[in-house]
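Input: a single structure, listed below in structure tokens.
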Amino acid sequence: MELMAGQENYVTQTKENGCTFELDYSKVYWNSRLGTEHERIVKGIESTEVVFDVFAGIGPFAIPAAKKGATVFANDLNPHSYEALVNNSKLNKCKNNINCFNLDGREFVKTIIKCELTKLFIKTHTIGDTERNFKVTIIMNLPALAYTFLDAFRSLLEEDAVSVSAGSMPLVHCYCFTDIESAVKDCDGDTVLEVKRRTRGVIGGLNDDDITVRLVRNVAPQKDMVCVSFRLTPDILLNRQDQIDGSLRSENGEPAQKIARLETSTSL
């Protein structure tokens with residue numbers, strides 16, 4: 001960013017989905033074109049829900065979810081984004097519903113999400129099956145890299161420590177970019193199928209039918225940003241390696257394709 005004229009002050013405020021966001025344009029990322037996508041995800045979140053935002057930025061998902069009453073755990077590696085996230089939770093009077101962290105995404109999954117999911121599953125097991133109605137949403141909002149973090153969920157929980165019910169599996173929304181070159185090479189040009197296979201190749205424990213891929217927006221010729229949604233399974237979360245390894249193979253028994261080439265791009 002280069003200052004052409006005027007005062008060198010990049011701090012501003014913007015409003016989106018009933019929330020006020022304060023940010024420094026020179027230090028954090030913001031894209032107002034994604035307001036509809038932010039709103040769509042937040043509308044699906046209930047006030048009693050637990051939300052984990054792995055790459056939260058300044059809070060376009062986390063802040064409105066917390067304002068709805070959801071219990072939010074929001075993380076970002078950029079210290080400036082983290083500071084803005086904390087500040088925005090105060091501006092929007094929802095700081096009691098949101099816990100903010102400044103960690104690497106993988107560390108956030110392996111520590112914070114692991115701890116909180118363990119407590120949720122232990123609690124529901126203790127009070128009985130009739131109360132296993134909690135909902136968990138995990139948002140991974142870093143389109144260029146987010147899918148490469150999915151393997152952090154494999155064997156995340158200890159089977160002896162929790163009782164996992166398939167009816168309470170966390171819902172994951174992972175954003176990524178389509179890869180037309182890999183799609184043409186390996187999937188007859190089907191970018192949706194390529195995204196599904198790429199996802200399965202990282203996390204395992206899923207079939208193509210378990211994954212939905214929805215177009216968010218076109219970002220360049222032959223390049224789309226999509227939202228990949230699926231539910232984590234007991235085989236993924238617990239140490240059931242034989243089940244996971246079996247799902248990492250393609251229909252003909254050969255290993256699934258390797259992780260696709262990473263593209264250099266800005267995050268959501």
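How things are named: the first chain in the structure tokens is A, the next is B, and so on; residues count from 1 in each chain; ligands count from 1 in the order shown.
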
(request) Please run DSSP on the backbone and report, as a PyMOL selection string, all residues within stretch 33-141 of chain A that come out as strand (DSSP E). (result) chain A and resi 50-53+71-75+98-101+136-140

Got a sec: who's within 12 Å of A:Thr178, counting only C-alpha atoms, leaving out chain neighbours fewer than 3 positions off, as a PDB file with C-alpha atoms, in the first residue's frame?
ATOM      1  CA  PRO A 143      -9.084 -19.998   0.824  1.00  0.00           C
ATOM      2  CA  ALA A 144      -5.505 -20.431  -0.365  1.00  0.00           C
ATOM      3  CA  LEU A 145      -4.447 -22.721   2.490  1.00  0.00           C
ATOM      4  CA  TYR A 147      -7.803 -27.224   3.379  1.00  0.00           C
ATOM      5  CA  TYR A 175     -13.109 -22.151   1.993  1.00  0.00           C
ATOM      6  CA  GLU A 181      -5.455 -27.503 -14.053  1.00  0.00           C
ATOM      7  CA  SER A 182      -5.835 -30.378 -11.569  1.00  0.00           C
ATOM      8  CA  ALA A 183      -9.504 -30.731 -12.484  1.00  0.00           C
ATOM      9  CA  VAL A 184      -8.698 -31.125 -16.183  1.00  0.00           C
ATOM     10  CA  GLY A 189     -12.531 -30.872 -15.910  1.00  0.00           C
ATOM     11  CA  ASP A 190     -14.972 -31.278 -13.007  1.00  0.00           C
ATOM     12  CA  THR A 191     -13.789 -28.665 -10.485  1.00  0.00           C
ATOM     13  CA  VAL A 192     -16.337 -29.728  -7.851  1.00  0.00           C
ATOM     14  CA  LEU A 193     -15.080 -33.302  -7.964  1.00  0.00           C
ATOM     15  CA  GLU A 194     -11.487 -32.076  -7.786  1.00  0.00           C
ATOM     16  CA  VAL A 195     -12.254 -30.048  -4.645  1.00  0.00           C
ATOM     17  CA  LYS A 196     -13.979 -33.034  -3.031  1.00  0.00           C
ATOM     18  CA  ARG A 197     -11.064 -35.350  -3.790  1.00  0.00           C
ATOM     19  CA  ARG A 198      -8.583 -32.765  -2.540  1.00  0.00           C
ATOM     20  CA  THR A 199     -10.522 -32.474   0.713  1.00  0.00           C
ATOM     21  CA  VAL A 213     -19.295 -27.633  -2.555  1.00  0.00           C
ATOM     22  CA  ARG A 214     -20.987 -24.269  -3.064  1.00  0.00           C
ATOM     23  CA  LEU A 215     -19.803 -21.417  -5.272  1.00  0.00           C
ATOM     24  CA  VAL A 216     -19.067 -18.208  -3.346  1.00  0.00           C
ATOM     25  CA  ARG A 217     -17.715 -15.998  -6.141  1.00  0.00           C
ATOM     26  CA  ASN A 218     -15.518 -15.915  -9.197  1.00  0.00           C
ATOM     27  CA  VAL A 219     -12.140 -14.379  -8.366  1.00  0.00           C
ATOM     28  CA  ALA A 220     -10.352 -14.704 -11.719  1.00  0.00           C
ATOM     29  CA  PRO A 221     -10.808 -16.358 -15.120  1.00  0.00           C
ATOM     30  CA  GLN A 222     -11.176 -20.105 -14.489  1.00  0.00           C
ATOM     31  CA  LYS A 223     -10.757 -19.614 -10.736  1.00  0.00           C
ATOM     32  CA  ASP A 224     -13.606 -19.674  -8.213  1.00  0.00           C
ATOM     33  CA  MET A 225     -13.780 -19.401  -4.465  1.00  0.00           C
ATOM     34  CA  VAL A 226     -15.973 -22.141  -3.002  1.00  0.00           C
ATOM     35  CA  CYS A 227     -17.256 -23.195   0.393  1.00  0.00           C
ATOM     36  CA  VAL A 228     -16.653 -26.878   1.181  1.00  0.00           C
ATOM     37  CA  ALA A 260      -3.003 -30.099  -5.080  1.00  0.00           C
ATOM     38  CA  ARG A 261      -0.558 -27.375  -5.878  1.00  0.00           C
ATOM     39  CA  LEU A 262      -0.951 -24.363  -3.581  1.00  0.00           C
ATOM     40  CA  GLU A 263      -1.763 -21.068  -5.205  1.00  0.00           C
TER      41      GLU A 263
END

Which residues of stretch 60-123 of chain A sit at most 7 Å from stretch 28-42 of chain A, using only C-alpha atoms? Give each one's shortest atom pair and distance in Å (one decimal place), in chain and ascending residue order, as CSV.
residue,atom,partner,partner_atom,distance
A:Pro60,CA,A:His38,CA,6.4
A:Phe61,CA,A:His38,CA,5.7
A:Pro64,CA,A:Val42,CA,6.8
A:Ala65,CA,A:Val42,CA,5.8
A:His80,CA,A:Val28,CA,6.5
A:Ser81,CA,A:Val28,CA,5.7

For the structure I just gave you, how does DSSP split stretch 8-172 of chain A - specifically, which residues are helix (DSSP H, G or I)? Reply as a ChimeraX atom specification.
/A:32-43,62-67,79-91,95-97,105-127,129-131,146-153,166-168

Within 9 Å of A:Ile45 using only C-alpha atoms, minus same-chain residues under 5 positions, as a PyMOL selection string: chain A and resi 50-51+65+68+70+135-137

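Distance check against A:Leu237 using only C-alpha atoms: of A:Asp210, A:Asp186, A:Glu158, A:Asp53, the minimum falls on A:Glu158.
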